[in-house]
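Q: Here you go, this is input_27.csv (CSV, C-alpha atoms).
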chain,number,residue,atom,x,y,z
G,268,MET,CA,-14.5,-18.5,10.0
G,269,GLN,CA,-15.9,-15.0,10.1
G,270,ARG,CA,-15.1,-13.1,7.0
G,271,THR,CA,-16.1,-9.5,6.1
G,272,ILE,CA,-15.4,-7.5,3.0
G,273,VAL,CA,-15.2,-3.7,3.2
G,274,THR,CA,-15.4,-1.9,-0.2
G,275,PHE,CA,-15.1,1.7,-1.2
G,276,PRO,CA,-14.7,3.5,-4.5
G,277,MET,CA,-11.5,5.0,-5.7
G,278,LYS,CA,-11.1,8.0,-8.1
G,279,PRO,CA,-7.9,8.0,-10.1
G,280,GLY,CA,-6.6,11.4,-11.4
G,281,PRO,CA,-3.9,13.9,-11.3
G,282,THR,CA,-3.0,15.8,-8.1
G,283,ARG,CA,-5.2,18.8,-7.7
G,284,HIS,CA,-5.0,22.0,-5.7
G,285,ILE,CA,-8.4,22.7,-4.3
G,286,SER,CA,-9.9,24.3,-1.2
G,287,ILE,CA,-11.1,22.1,1.6
G,288,SER,CA,-14.3,24.3,1.6
G,289,ASP,CA,-15.0,23.1,-1.9
G,290,ILE,CA,-15.3,19.5,-1.0
G,291,LYS,CA,-19.0,18.4,-0.8
G,292,GLU,CA,-18.7,14.7,-0.3
G,293,MET,CA,-16.3,12.2,1.3
G,294,PRO,CA,-13.2,12.2,-0.9
G,295,LYS,CA,-12.2,8.9,-2.5
G,296,PRO,CA,-8.6,7.7,-2.6
G,297,ARG,CA,-6.9,8.0,-5.9
G,298,TYR,CA,-5.4,4.5,-5.6
G,299,ARG,CA,-3.6,2.2,-3.4
G,300,SER,CA,0.0,3.5,-3.6
G,301,HIS,CA,2.3,0.9,-2.0
G,302,TRP,CA,3.0,-1.9,0.3
G,303,ALA,CA,5.8,-1.3,2.9
G,304,LEU,CA,7.3,-4.6,3.9
G,305,LEU,CA,9.7,-5.6,6.7
G,306,THR,CA,12.1,-8.4,6.1
G,307,ASN,CA,15.3,-9.7,7.4
G,308,ASN,CA,16.4,-10.8,3.9
G,309,MET,CA,16.1,-7.7,1.8
G,310,LYS,CA,17.5,-9.3,-1.3
G,311,ALA,CA,15.1,-12.2,-1.2
G,312,SER,CA,12.0,-9.9,-0.9
G,313,GLU,CA,13.3,-7.5,-3.5
G,314,VAL,CA,14.0,-10.2,-6.0
G,315,PHE,CA,10.7,-11.9,-5.4
G,316,TYR,CA,8.7,-8.7,-6.1
G,317,GLU,CA,11.0,-7.6,-8.9
G,318,THR,CA,10.4,-10.9,-10.6
G,319,LEU,CA,6.6,-10.9,-9.9
G,320,THR,CA,5.9,-7.4,-11.0
G,321,GLY,CA,8.9,-6.3,-13.1
G,322,ALA,CA,9.4,-3.5,-10.6
G,323,ALA,CA,12.6,-1.5,-10.8
G,324,ARG,CA,14.7,0.0,-8.0
G,325,ILE,CA,13.9,3.7,-7.4
G,326,VAL,CA,16.0,4.7,-4.5
G,327,GLU,CA,17.6,3.5,-1.2
G,328,PRO,CA,16.7,6.2,1.2
G,329,THR,CA,18.8,4.7,4.0
G,330,PHE,CA,21.3,1.8,4.5
G,331,CYS,CA,18.4,-0.5,5.5
G,332,THR,CA,15.6,0.5,3.2
G,333,SER,CA,14.8,0.4,-0.6
G,334,THR,CA,11.9,1.4,-2.8
G,335,PHE,CA,10.8,-0.1,-6.1
G,336,SER,CA,8.1,0.8,-8.6
G,337,TRP,CA,6.5,-1.0,-11.6
G,338,ASP,CA,5.2,2.3,-13.1
G,339,GLU,CA,5.4,6.0,-12.7
G,340,GLU,CA,4.4,5.9,-9.0
G,341,HIS,CA,7.2,7.0,-6.8
G,342,HIS,CA,7.1,3.6,-5.0
G,343,ARG,CA,5.0,0.5,-5.1
G,344,PHE,CA,7.1,-1.4,-2.7
G,345,PHE,CA,9.1,-0.2,0.3
G,346,PHE,CA,11.5,-2.8,1.8
G,347,GLY,CA,12.9,-2.3,5.2
G,348,HIS,CA,15.4,-4.5,7.1
G,349,ARG,CA,13.3,-5.5,10.1
G,350,ASP,CA,16.0,-5.9,12.7
G,351,SER,CA,17.8,-2.7,11.7
G,352,MET,CA,14.6,-0.7,11.7
G,353,ALA,CA,13.5,-2.1,15.0
G,354,LYS,CA,16.8,-1.1,16.5
G,355,MET,CA,16.5,2.4,14.9
G,356,TYR,CA,13.0,3.0,16.3
G,357,MET,CA,12.9,0.8,19.4
G,358,GLY,CA,16.4,0.1,20.5
G,359,GLU,CA,18.7,-2.9,20.7
G,360,ALA,CA,16.5,-5.0,22.9
G,361,ALA,CA,13.6,-4.9,20.5
G,362,ALA,CA,15.7,-5.7,17.5
G,363,SER,CA,17.1,-8.8,19.2
G,364,GLN,CA,13.7,-10.3,19.7
G,365,PRO,CA,13.2,-12.8,16.9
G,366,SER,CA,10.2,-12.1,14.6
G,367,PRO,CA,8.3,-14.9,13.0
G,368,THR,CA,7.1,-14.7,9.4
G,369,ALA,CA,3.9,-13.0,8.6
G,370,ASP,CA,1.8,-16.2,8.2
G,371,ALA,CA,2.5,-17.2,11.8
G,372,HIS,CA,0.4,-14.4,13.3
G,373,THR,CA,-2.5,-12.0,12.7
G,374,GLY,CA,-2.0,-8.8,10.7
G,375,VAL,CA,-1.9,-7.8,7.1
G,376,ALA,CA,-1.6,-11.2,5.4
G,377,GLY,CA,-1.0,-10.0,1.8
G,378,GLY,CA,-3.3,-9.2,-1.0
G,379,GLY,CA,-3.9,-9.0,-4.7
G,380,ILE,CA,-2.0,-7.4,-7.6
G,381,ARG,CA,-4.1,-6.8,-10.8
G,382,PHE,CA,-2.7,-7.3,-14.3
G,383,ALA,CA,-4.4,-5.7,-17.2
G,384,THR,CA,-4.2,-8.8,-19.4
G,385,VAL,CA,-4.0,-12.5,-19.0
G,386,ALA,CA,-0.9,-12.4,-21.3
G,387,ALA,CA,0.8,-10.2,-18.8
G,388,LEU,CA,-0.2,-12.5,-16.0
G,389,VAL,CA,1.1,-15.6,-17.8
G,390,ALA,CA,4.4,-13.7,-18.5
G,391,ALA,CA,4.7,-13.1,-14.8
G,392,VAL,CA,4.1,-16.8,-14.0
G,393,GLU,CA,6.8,-17.7,-16.6
G,394,ARG,CA,9.2,-15.2,-15.1
G,395,MET,CA,8.6,-16.6,-11.7
G,396,HIS,CA,9.0,-20.2,-12.9
G,397,VAL,CA,12.3,-19.4,-14.5
G,398,ALA,CA,13.5,-17.8,-11.3
G,399,GLY,CA,12.4,-20.8,-9.2
G,400,TYR,CA,9.2,-19.6,-7.7
G,401,GLU,CA,6.1,-21.8,-8.0
G,402,PRO,CA,2.5,-20.8,-7.1
G,403,GLU,CA,0.6,-22.3,-4.3
G,404,LYS,CA,-2.6,-22.2,-6.3
G,405,ILE,CA,-3.9,-21.3,-9.8
G,406,GLU,CA,-7.6,-20.7,-9.9
G,407,ASP,CA,-9.8,-20.3,-13.0
G,408,ARG,CA,-13.1,-18.5,-12.2
G,409,GLY,CA,-14.2,-18.3,-15.7
G,410,SER,CA,-14.0,-14.5,-16.1
G,411,LEU,CA,-10.8,-14.2,-14.0
G,412,VAL,CA,-7.7,-16.2,-13.4
G,413,SER,CA,-5.7,-15.9,-10.2
G,414,VAL,CA,-2.3,-17.2,-9.3
G,415,VAL,CA,-1.3,-17.2,-5.6
G,416,TYR,CA,2.3,-17.1,-4.4
G,417,ARG,CA,3.8,-17.0,-1.0
G,418,ASP,CA,6.4,-14.3,-0.6
G,419,PRO,CA,9.7,-14.9,1.4
G,420,GLU,CA,8.1,-13.4,4.5
G,421,GLY,CA,4.9,-15.6,4.3
G,422,LEU,CA,2.6,-13.0,2.7
G,423,THR,CA,0.0,-14.0,0.1
G,424,ALA,CA,0.8,-12.4,-3.2
G,425,ASP,CA,-2.2,-13.1,-5.5
G,426,ILE,CA,-1.8,-11.9,-9.0
G,427,PHE,CA,-4.9,-12.0,-11.2
G,428,ALA,CA,-6.3,-10.8,-14.5
G,429,GLN,CA,-9.6,-10.6,-16.3
G,430,ILE,CA,-10.4,-13.1,-19.0
G,431,PRO,CA,-12.0,-11.1,-21.8
G,432,ASP,CA,-15.5,-12.0,-23.0
G,433,ALA,CA,-15.8,-14.8,-20.5
G,434,LYS,CA,-18.5,-15.6,-18.0
G,435,GLU,CA,-18.0,-16.3,-14.3
G,436,LYS,CA,-18.2,-20.0,-13.4
G,437,PRO,CA,-17.4,-22.1,-10.4
G,438,ALA,CA,-13.7,-21.9,-9.7
G,439,HIS,CA,-11.5,-24.8,-10.6
G,440,MET,CA,-7.8,-25.3,-10.1
G,441,LEU,CA,-5.2,-25.4,-12.8
G,442,ASP,CA,-1.5,-26.3,-12.7
G,443,ARG,CA,1.1,-24.2,-14.5
G,444,GLN,CA,1.1,-26.3,-17.6
G,445,ALA,CA,-2.7,-26.2,-17.9
G,446,LEU,CA,-2.5,-22.4,-17.4
G,447,LEU,CA,0.0,-22.2,-20.3
G,448,THR,CA,-2.0,-24.5,-22.5
G,449,ARG,CA,-5.2,-22.5,-22.0
G,450,PHE,CA,-3.7,-19.0,-22.0
G,451,GLY,CA,-0.2,-19.2,-23.3
G,452,GLN,CA,0.7,-17.8,-26.7
G,453,SER,CA,2.5,-20.9,-28.0
M,403,MET,CA,17.6,11.8,4.2
M,404,GLN,CA,20.3,11.5,1.6
M,405,ALA,CA,19.4,9.3,-1.4
M,406,GLN,CA,22.2,7.0,-2.7
M,407,THR,CA,21.0,6.6,-6.2
M,408,SER,CA,19.8,9.0,-8.8
M,409,LYS,CA,19.4,6.9,-12.0
M,410,LEU,CA,16.1,6.6,-13.9
M,411,PRO,CA,14.3,3.4,-13.2
M,412,GLU,CA,15.6,0.6,-15.4
M,413,PHE,CA,12.7,-1.8,-16.1
M,414,SER,CA,13.7,-5.2,-17.3
M,415,VAL,CA,10.1,-6.1,-18.1
M,416,PRO,CA,8.0,-4.4,-20.8
M,417,GLN,CA,5.3,-2.1,-19.5
M,418,ALA,CA,2.6,-4.2,-21.0
M,419,ASP,CA,3.7,-7.1,-18.8
M,420,ARG,CA,3.8,-5.1,-15.6
M,421,PRO,CA,0.8,-4.9,-13.2
M,422,HIS,CA,-2.0,-2.5,-13.6
M,423,SER,CA,-2.6,-1.8,-9.9
M,424,PHE,CA,-3.0,-3.3,-6.5
M,425,GLY,CA,-6.0,-5.5,-6.0
M,426,TYR,CA,-7.6,-6.5,-2.7
M,427,GLN,CA,-6.0,-6.3,0.7
M,428,LEU,CA,-6.2,-9.3,3.1
M,429,ILE,CA,-6.1,-8.8,6.8
M,430,HIS,CA,-6.2,-11.6,9.5
M,431,THR,CA,-7.5,-10.7,12.9
M,432,THR,CA,-8.2,-12.5,16.1
M,433,PRO,CA,-12.0,-13.2,16.4
M,434,ASP,CA,-12.4,-10.7,19.3
M,435,ASN,CA,-10.9,-7.9,17.2
M,436,HIS,CA,-12.7,-8.7,13.9
M,437,ASP,CA,-15.7,-6.4,14.3
M,438,ALA,CA,-13.7,-3.5,15.6
M,439,VAL,CA,-11.3,-3.8,12.7
M,440,VAL,CA,-14.2,-3.9,10.2
M,441,LYS,CA,-15.8,-0.8,11.7
M,442,TRP,CA,-12.5,1.1,11.7
M,443,TYR,CA,-12.0,0.6,7.9
M,444,GLN,CA,-15.6,1.3,7.2
M,445,THR,CA,-15.4,4.5,9.2
M,446,LEU,CA,-12.1,5.7,7.8
M,447,PHE,CA,-13.1,5.2,4.1
M,448,CYS,CA,-16.9,5.5,4.4
M,449,GLY,CA,-17.0,1.9,3.0
M,450,SER,CA,-19.7,-0.6,2.4
M,451,VAL,CA,-19.7,-3.8,4.4
M,452,ARG,CA,-20.6,-7.3,3.2
M,453,SER,CA,-20.4,-10.2,5.7
M,454,ASP,CA,-20.1,-13.9,5.5
M,455,ALA,CA,-18.8,-13.9,2.0
M,456,GLU,CA,-17.2,-17.3,1.1
M,457,ASP,CA,-14.6,-15.6,-1.0
M,458,ILE,CA,-13.9,-12.2,-2.5
M,459,PRO,CA,-16.5,-12.0,-5.3
M,460,THR,CA,-15.0,-12.0,-8.8
M,461,SER,CA,-16.9,-8.8,-9.6
M,462,ASP,CA,-15.1,-7.0,-6.8
M,463,LEU,CA,-11.7,-8.2,-8.0
M,464,LEU,CA,-12.4,-7.0,-11.5
M,465,ASP,CA,-13.6,-3.6,-10.5
M,466,ALA,CA,-10.4,-1.5,-10.7
M,467,GLY,CA,-12.3,1.5,-9.6
M,468,GLN,CA,-13.1,-0.1,-6.2
M,469,GLU,CA,-11.0,-1.0,-3.3
M,470,THR,CA,-11.7,-4.3,-1.5
M,471,ILE,CA,-10.4,-5.1,2.0
M,472,CYS,CA,-11.1,-8.7,3.2
M,473,ILE,CA,-11.0,-9.1,6.9
M,474,ILE,CA,-10.9,-12.7,8.2
M,475,ALA,CA,-11.1,-13.7,11.9
M,476,ARG,CA,-8.6,-16.4,12.5
M,477,PRO,CA,-9.0,-18.3,15.8
M,478,ASP,CA,-5.9,-20.3,15.0
M,479,LEU,CA,-3.6,-17.2,15.0
M,480,THR,CA,-2.4,-14.8,17.7
M,481,PRO,CA,-1.1,-11.3,17.4
M,482,PRO,CA,2.6,-10.9,16.5
M,483,PRO,CA,4.8,-11.5,19.5
M,484,VAL,CA,7.0,-8.5,18.7
M,485,LYS,CA,6.6,-4.9,17.5
M,486,MET,CA,7.5,-4.2,13.9
M,487,ALA,CA,7.2,-7.8,13.0
M,488,ARG,CA,8.3,-9.1,9.7
M,489,GLY,CA,5.6,-8.8,7.0
M,490,VAL,CA,3.6,-5.6,6.1
M,491,LEU,CA,4.8,-2.5,7.8
M,492,HIS,CA,2.0,-0.5,6.3
M,493,MET,CA,-0.3,-0.2,3.4
M,494,ALA,CA,-0.8,3.2,1.7
M,495,TRP,CA,-3.7,4.9,0.0
M,496,PHE,CA,-3.1,8.3,-1.7
M,497,TYR,CA,-5.5,11.1,-2.5
M,498,ASN,CA,-5.8,13.5,-5.3
M,499,SER,CA,-5.3,16.6,-3.3
M,500,LEU,CA,-4.0,17.8,0.0
M,501,ALA,CA,-7.5,19.2,0.8
M,502,GLU,CA,-9.1,15.8,0.3
M,503,LEU,CA,-6.5,14.1,2.4
M,504,VAL,CA,-7.0,16.6,5.2
M,505,TYR,CA,-10.8,16.4,4.8
M,506,VAL,CA,-10.6,12.6,5.4
M,507,CYS,CA,-8.3,13.1,8.4
M,508,ARG,CA,-10.8,15.6,9.8
M,509,HIS,CA,-13.6,13.1,9.3
M,510,ALA,CA,-11.5,10.4,10.9
M,511,ARG,CA,-10.6,12.6,13.9
M,512,ASP,CA,-14.2,13.6,14.4
M,513,ASN,CA,-15.0,9.8,14.5
M,514,GLY,CA,-12.3,9.0,17.1
M,515,ILE,CA,-9.7,7.9,14.6
M,516,VAL,CA,-6.5,9.9,15.2
M,517,PRO,CA,-3.2,9.5,13.4
M,518,TYR,CA,-0.1,8.8,15.4
M,519,GLU,CA,2.2,10.6,13.0
M,520,VAL,CA,1.8,13.3,10.3
M,521,MET,CA,5.0,13.7,8.3
M,522,THR,CA,5.9,15.6,5.2
M,523,SER,CA,8.7,15.9,2.7
M,524,PRO,CA,9.2,17.6,-0.6
M,525,VAL,CA,7.8,14.6,-2.4
M,526,LEU,CA,4.8,13.6,-0.3
M,527,MET,CA,2.8,14.0,2.9
M,528,GLN,CA,2.2,10.8,4.9
M,529,ILE,CA,-0.3,10.4,7.7
M,530,TYR,CA,-0.1,7.2,9.7
M,531,PHE,CA,-2.9,5.5,11.6
M,532,ARG,CA,-3.1,2.2,13.5
M,533,ASP,CA,-6.2,0.1,13.2
M,534,PRO,CA,-7.6,-1.6,16.4
M,535,ALA,CA,-5.4,-4.6,15.7
M,536,GLY,CA,-2.2,-2.5,15.3
M,537,ASN,CA,-2.0,-2.7,11.5
M,538,VAL,CA,-0.6,0.6,10.1
M,539,VAL,CA,-2.4,2.5,7.3
M,540,GLU,CA,-0.7,5.4,5.6
M,541,LEU,CA,-2.9,8.0,3.9
M,542,GLY,CA,-0.9,10.4,1.7
M,543,VAL,CA,-0.8,12.9,-1.1
M,544,ASP,CA,2.0,13.8,-3.6
M,545,ALA,CA,3.4,17.2,-3.4
M,546,HIS,CA,3.8,17.1,-7.2
M,547,ASP,CA,1.1,17.4,-9.8
M,548,THR,CA,1.9,14.1,-11.6
M,549,SER,CA,3.2,10.7,-10.5
M,550,ARG,CA,6.1,11.2,-13.0
M,551,GLN,CA,7.1,14.4,-11.3
M,552,ALA,CA,6.9,12.8,-7.9
M,553,GLN,CA,9.0,9.8,-9.0
M,554,ASP,CA,11.5,12.1,-10.6
M,555,ALA,CA,11.8,14.0,-7.3
M,556,MET,CA,12.4,10.8,-5.4
M,557,LEU,CA,15.0,9.8,-8.0
M,558,GLY,CA,16.8,13.1,-7.6
M,559,ALA,CA,19.1,12.9,-4.6
M,560,ALA,CA,19.1,16.7,-4.1
M,561,ASP,CA,15.3,16.9,-3.9
M,562,LEU,CA,15.2,14.4,-1.0
M,563,ARG,CA,17.1,16.6,1.3
M,564,ILE,CA,14.6,18.2,3.5
M,565,PRO,CA,15.4,21.7,4.7
M,566,GLY,CA,15.2,22.6,8.4
M,567,LYS,CA,15.3,20.4,11.4
M,568,ILE,CA,14.0,16.8,11.5
M,569,ASP,CA,11.4,17.9,14.0
M,570,ASP,CA,10.0,20.2,11.4
M,571,TRP,CA,9.0,17.2,9.3
M,572,TYR,CA,6.3,16.3,11.8
M,573,TYR,CA,3.1,18.2,11.7
M,574,ASP,CA,0.3,18.8,14.2
M,575,LEU,CA,-2.8,17.5,12.6
M,576,ASN,CA,-5.2,20.0,14.2
M,577,LYS,CA,-3.0,22.9,13.1
M,578,LEU,CA,-2.8,21.3,9.6
M,579,ILE,CA,-6.6,21.1,9.5
M,580,ALA,CA,-6.9,24.7,10.7
M,581,MET,CA,-4.5,26.0,8.1
M,582,LEU,CA,-6.4,24.3,5.3
M,583,GLU,CA,-9.7,25.6,6.6
M,584,ALA,CA,-8.1,29.1,6.7
M,585,GLY,CA,-7.1,28.8,3.0
M,586,ILE,CA,-3.3,28.5,3.4
M,587,PRO,CA,-2.1,27.4,0.0
M,588,ASP,CA,-0.7,23.9,-0.6
M,589,HIS,CA,2.8,25.1,-1.4
M,590,GLU,CA,3.1,26.8,2.0
M,591,ILE,CA,1.9,23.7,3.8
M,592,PHE,CA,4.4,21.5,2.0
M,593,ASN,CA,7.2,23.9,3.0
M,594,THR,CA,8.2,22.5,6.4
M,595,GLN,CA,9.8,25.7,7.6
M,596,ARG,CA,6.8,27.8,6.6
M,597,PHE,CA,4.4,25.3,8.2
M,598,GLN,CA,6.2,25.5,11.5
M,599,GLU,CA,6.4,29.3,11.3
M,600,LEU,CA,2.6,29.4,10.8
M,601,ALA,CA,2.1,26.8,13.5
M,602,ALA,CA,4.1,28.9,16.0
M,603,SER,CA,2.3,32.1,15.0
M,604,GLY,CA,-0.6,31.6,17.3
M,605,ARG,CA,-3.1,32.0,14.4
M,606,PHE,CA,-4.0,28.3,14.3
Go ahead and render the structure in this file as structure tokens.

A:
Amino acid sequence: MQRTIVTFPMKPGPTRHISISDIKEMPKPRYRSHWALLTNNMKASEVFYETLTGAARIVEPTFCTSTFSWDEEHHRFFFGHRDSMAKMYMGEAAASQPSPTADAHTGVAGGGIRFATVAALVAAVERMHVAGYEPEKIEDRGSLVSVVYRDPEGLTADIFAQIPDAKEKPAHMLDRQALLTRFGQS
Amino acid sequence: MQAQTSKLPEFSVPQADRPHSFGYQLIHTTPDNHDAVVKWYQTLFCGSVRSDAEDIPTSDLLDAGQETICIIARPDLTPPPVKMARGVLHMAWFYNSLAELVYVCRHARDNGIVPYEVMTSPVLMQIYFRDPAGNVVELGVDAHDTSRQAQDAMLGAADLRIPGKIDDWYYDLNKLIAMLEAGIPDHEIFNTQRFQELAASGRF
């Protein structure tokens, strides 16, 4: 399976007002701002990401859209009702065509969400467990632990955090209890 | 666009337990599209490319100052059978200044990557591209100086009402680039009515 990784640096910082003529090198993005997701079950997707990230509802710009954020960013998630938006942009016929979940076809398949601490990651796993979501995979890479969920639309949601003062080692799988035993507070 | 809520966000999870940032992005392509998709992202972001990696290296994941896009050719998958399929509608990267955003768009245009929509509002400017597989990338910039101000503006219903006609929200990229090159200040660019007046003036 052919796999390629494209990397580029980012440059966090406040919004600036500069002249385009002052730019001497290719600008770097400040950050990844948000994912915009299409779903036919708004509530299921909203609750999944609310639970995973602790995001709060920001605004509902229209009857079929909502935005959530986990920090000061104006939105980290945009949720749109797929059939309603398809009807709005492409008409009734397009909206009536059934859409399979994201894991049934090519496209953006999901991604990672970084937590600052393992404690925050474990707290997220516990929130998810209480809400009835279990991960597909928990991987300990020595210097990093990753917990992979599948969202209601079939997207990979991989939450991960750095293990302080630890060295990278070959990955091995954990279950939730082993994760709690190794990294939980109790 | 009339917002329906205007409350401050009510987080049920302490800040320390919420995420730091997005990590990597995962894209599945058909094998015949793989190389074109890789080249597209490499060009748009002036990125570095590493092939045949077994997995995303841990060092890449831990580097919060670096973006990582993993593109995997999947012979077992086909493109979505419908437009606007369930899943990711778009992924968005934001820049620190309008000038930087427009600089990147000029670079993209000069390399054959042209957005299909340039849209602005009092909160942000959004420029949408499609990669060769049809995945949508949004490049944007906040109209406000800080994220808090931008979020406050989105939370405030009145600030989401865009003056003028809906058609005024959509900008011509080449005129946008020309205005920035001519030194038109950001606040005039973000003012949709002013932008359209300038666009119609024949100067750009």

Q: Just checking: using all atoms listed in the file, which residue out of M:Glu519, M:Asp512, M:Glu583, M:Asp434 ends up closest to chain G?

A: M:Glu583

Q: Near chain G, which residues of chain M fall within 6 Å when you count all atoms listed in the file, and what do they look like as a PyMOL selection string?

A: chain M and resi 405-407+411-413+415+419-431+449-454+467-475+479-482+487-499+501-502+547-550+552-553

Q: Figure out the distance between CA of Arg532 in chain M and CA of Gln444 in chain M, please, to one decimal in Å.

A: 14.0 Å

Q: Would you mind reading off the distance between CA of Tyr572 in chain M and CA of Leu541 in chain M, one decimal, in Å?

A: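 Value for the CA of Tyr572 in chain M-CA of Leu541 in chain M distance: 14.7 Å.
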
Q: Go ahead and compute the interatomic distance for CA of His396 in chain G and CA of Gln444 in chain G, in Å to one decimal.

A: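 Atom-to-atom, CA of His396 in chain G and CA of Gln444 in chain G are spaced 11.0 Å apart.
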
Q: Please return, as a ChimeraX atom specification, all polymer residues that have at least one atom within 10 Å of the point (3.0, 26.5, 10.2); use only C-alpha atoms and the file's own coordinate frame.

A: /M:570,573-574,577-578,581,586,590-606

Q: Rank M:Leu464, M:Val484, M:Pro433, M:Tyr518 by their smallest atom-to-atom distance to Tyr530 in chain M, using all atoms listed in the file, and report the top residue only.

A: M:Tyr518
